[in-house]
Amino acid sequence: NGWREYEFRPSARKLYKRINNINKIWNGKKTSDLLLVHVEQGLGDQILFSTMLEDLYKLNKKIFVMLDERLISIYKRSLPKINFLLKDEVDLPRWKGLHTFLGSLGKYFRNSSKDFLKNKKKLLKATPENINQYKLKIKHKSKINVGLHWKSFSLSPDNKEGRNLSLENLATIFPSETYDLYNLQYGDKEKDIKNLYDNLNREIIVFDDLDYKNDFEKIAGLITNLDIIASNYTFMAYFAGSLGAHTFVFVPLSVRWPFHTHSPRKRSLWFPS
């Protein structure tokens, strides 16, 4: 059982030692106790495993979920019945309830492909204000508008060169006669964008007032207005999928299990779109 083996990941074992009381670990059964859901993964995994939170809520109405600060507001609005906290907001020695991990929910709620039918096409929602703001900024409504994300700056050991894409190669998939390109890439991207213009005479639209690394509320508004998202295997693929965007993910031959690289499956079980 893959989920059973997943419990041996280092971050989970470390927290189990800190709790130091097996009776405080949630056993997957309905309970009236407070339940603290810990997050030890990166942003992408937080979104991936959060697709099971509504299943958890059916068993326990008193759940408190730790998340990265950048995700708190959009989750509070999209899943209003669930309590969301900053990652380090809770004083563990004083916590009187039970504990579990986001990454441990799968062993209770996703044990066959049929279980994934519960996953919503749209988990998260952009605000109407942000949707309208970026609707006015779309350049050509007659074209197909594509959001591109092509590289990762993660320090994770699996962040190898094969995880990143060439912006020029990615752009050639979407001819300029039919498609407009919109940037979703954060970080050092200026050289790639300049080379795209110099070598292919192709423009990718960048909004200078948008913080592509931290402002997920506005990024959600932009993504909601785009027709297609094309992303490498990174957080952006998860985020676009959680918003119900029509998303294509480009993965290397060796990639983590959520992208089904060891099966003939071509569509994500986790994100139907």
# chains A, B, ... in the order shown; residues from 1 in each chain; ligands from 1
call {"tool": "residues_around", "arguments": {"residues": "A:Glu5", "least_positions_apart": "6", "cutoff": "12 Å", "atoms": "only C-alpha atoms", "output": "NGL selection string"}}
result
:A and (12-13 or 103-104 or 106-107)
call {"tool": "write_last_selection", "arguments": {"atoms": "C-alpha atoms", "output": "tab-separated table (two decimals), in the first residue's frame"}}
result
chain	number	residue	atom	x	y	z
A	12	ALA	CA	6.00	13.08	9.08
A	13	ARG	CA	8.27	10.98	11.25
A	103	GLY	CA	-0.31	14.24	3.20
A	104	SER	CA	-1.77	11.46	5.35
A	106	GLY	CA	-4.99	9.86	1.19
A	107	LYS	CA	-4.81	6.62	3.15
call {"tool": "select_by_dssp", "arguments": {"residues": "stretch 149-264 of chain A", "states": "strand (DSSP E)", "output": "number ranges by chain"}}
result
A: 149, 179-183, 204-205, 228-232, 247-250
call {"tool": "write_last_selection", "arguments": {"atoms": "C-alpha atoms", "output": "mmCIF file, in the first residue's frame"}}
result
data_model
loop_
_atom_site.group_PDB
_atom_site.id
_atom_site.type_symbol
_atom_site.label_atom_id
_atom_site.label_comp_id
_atom_site.auth_asym_id
_atom_site.auth_seq_id
_atom_site.Cartn_x
_atom_site.Cartn_y
_atom_site.Cartn_z
ATOM 1 C CA HIS A 149 4.893 28.793 -16.747
ATOM 2 C CA TYR A 179 -2.914 32.426 -29.582
ATOM 3 C CA ASP A 180 -1.857 35.257 -27.262
ATOM 4 C CA LEU A 181 0.647 34.354 -24.570
ATOM 5 C CA TYR A 182 0.409 35.532 -20.940
ATOM 6 C CA ASN A 183 3.133 35.195 -18.354
ATOM 7 C CA ILE A 204 4.439 37.305 -23.977
ATOM 8 C CA ILE A 205 2.260 39.683 -21.986
ATOM 9 C CA ILE A 228 -5.494 27.379 -21.495
ATOM 10 C CA ILE A 229 -2.679 27.005 -18.980
ATOM 11 C CA ALA A 230 0.545 25.298 -20.112
ATOM 12 C CA SER A 231 2.951 24.633 -17.260
ATOM 13 C CA ASN A 232 5.940 22.571 -16.344
ATOM 14 C CA THR A 247 -4.368 22.864 -17.944
ATOM 15 C CA PHE A 248 -1.630 20.986 -19.797
ATOM 16 C CA VAL A 249 1.306 19.823 -17.658
ATOM 17 C CA PHE A 250 4.661 18.997 -19.235
#
call {"tool": "residues_around", "arguments": {"residues": "A:Thr51", "least_positions_apart": "4", "cutoff": "9 Å", "atoms": "only C-alpha atoms", "output": "VMD selection string"}}
result
chain A and resid 47 55 118 to 120 123 242 270 to 271
call {"tool": "atom_distance", "arguments": {"atom1": "atom CA of A:Lys17", "atom2": "atom CA of A:Leu92"}}
result
12.1 Å
call {"tool": "atom_distance", "arguments": {"atom1": "atom CA of A:Ser268", "atom2": "atom CA of A:Gly241"}}
result
9.1 Å
call {"tool": "residues_around", "arguments": {"residues": "A:Ser11", "least_positions_apart": "6", "cutoff": "12 Å", "atoms": "only C-alpha atoms", "output": "ChimeraX atom specification"}}
result
/A:17-18,38-42,101-104
call {"tool": "write_last_selection", "arguments": {"atoms": "C-alpha atoms", "output": "short mmCIF file (atom, residue, chain, number, x, y, z; two decimals), in the first residue's frame"}}
result
data_model
loop_
_atom_site.label_atom_id
_atom_site.label_comp_id
_atom_site.auth_asym_id
_atom_site.auth_seq_id
_atom_site.Cartn_x
_atom_site.Cartn_y
_atom_site.Cartn_z
CA LYS A 17 8.35 12.31 17.49
CA ARG A 18 7.42 15.84 18.58
CA HIS A 38 -0.32 19.76 9.71
CA VAL A 39 1.34 20.74 6.46
CA GLU A 40 4.93 19.78 5.82
CA GLN A 41 5.07 19.90 2.03
CA GLY A 42 5.56 22.68 -0.50
CA PHE A 101 -1.16 15.55 8.13
CA LEU A 102 -2.54 16.82 4.85
CA GLY A 103 -0.31 14.24 3.20
CA SER A 104 -1.77 11.46 5.35
#
call {"tool": "closest_residue", "arguments": {"among": "A:Lys141, A:Lys62, A:Lys125, A:Arg4", "to": "A:Phe216", "atoms": "only C-alpha atoms"}}
result
A:Lys125
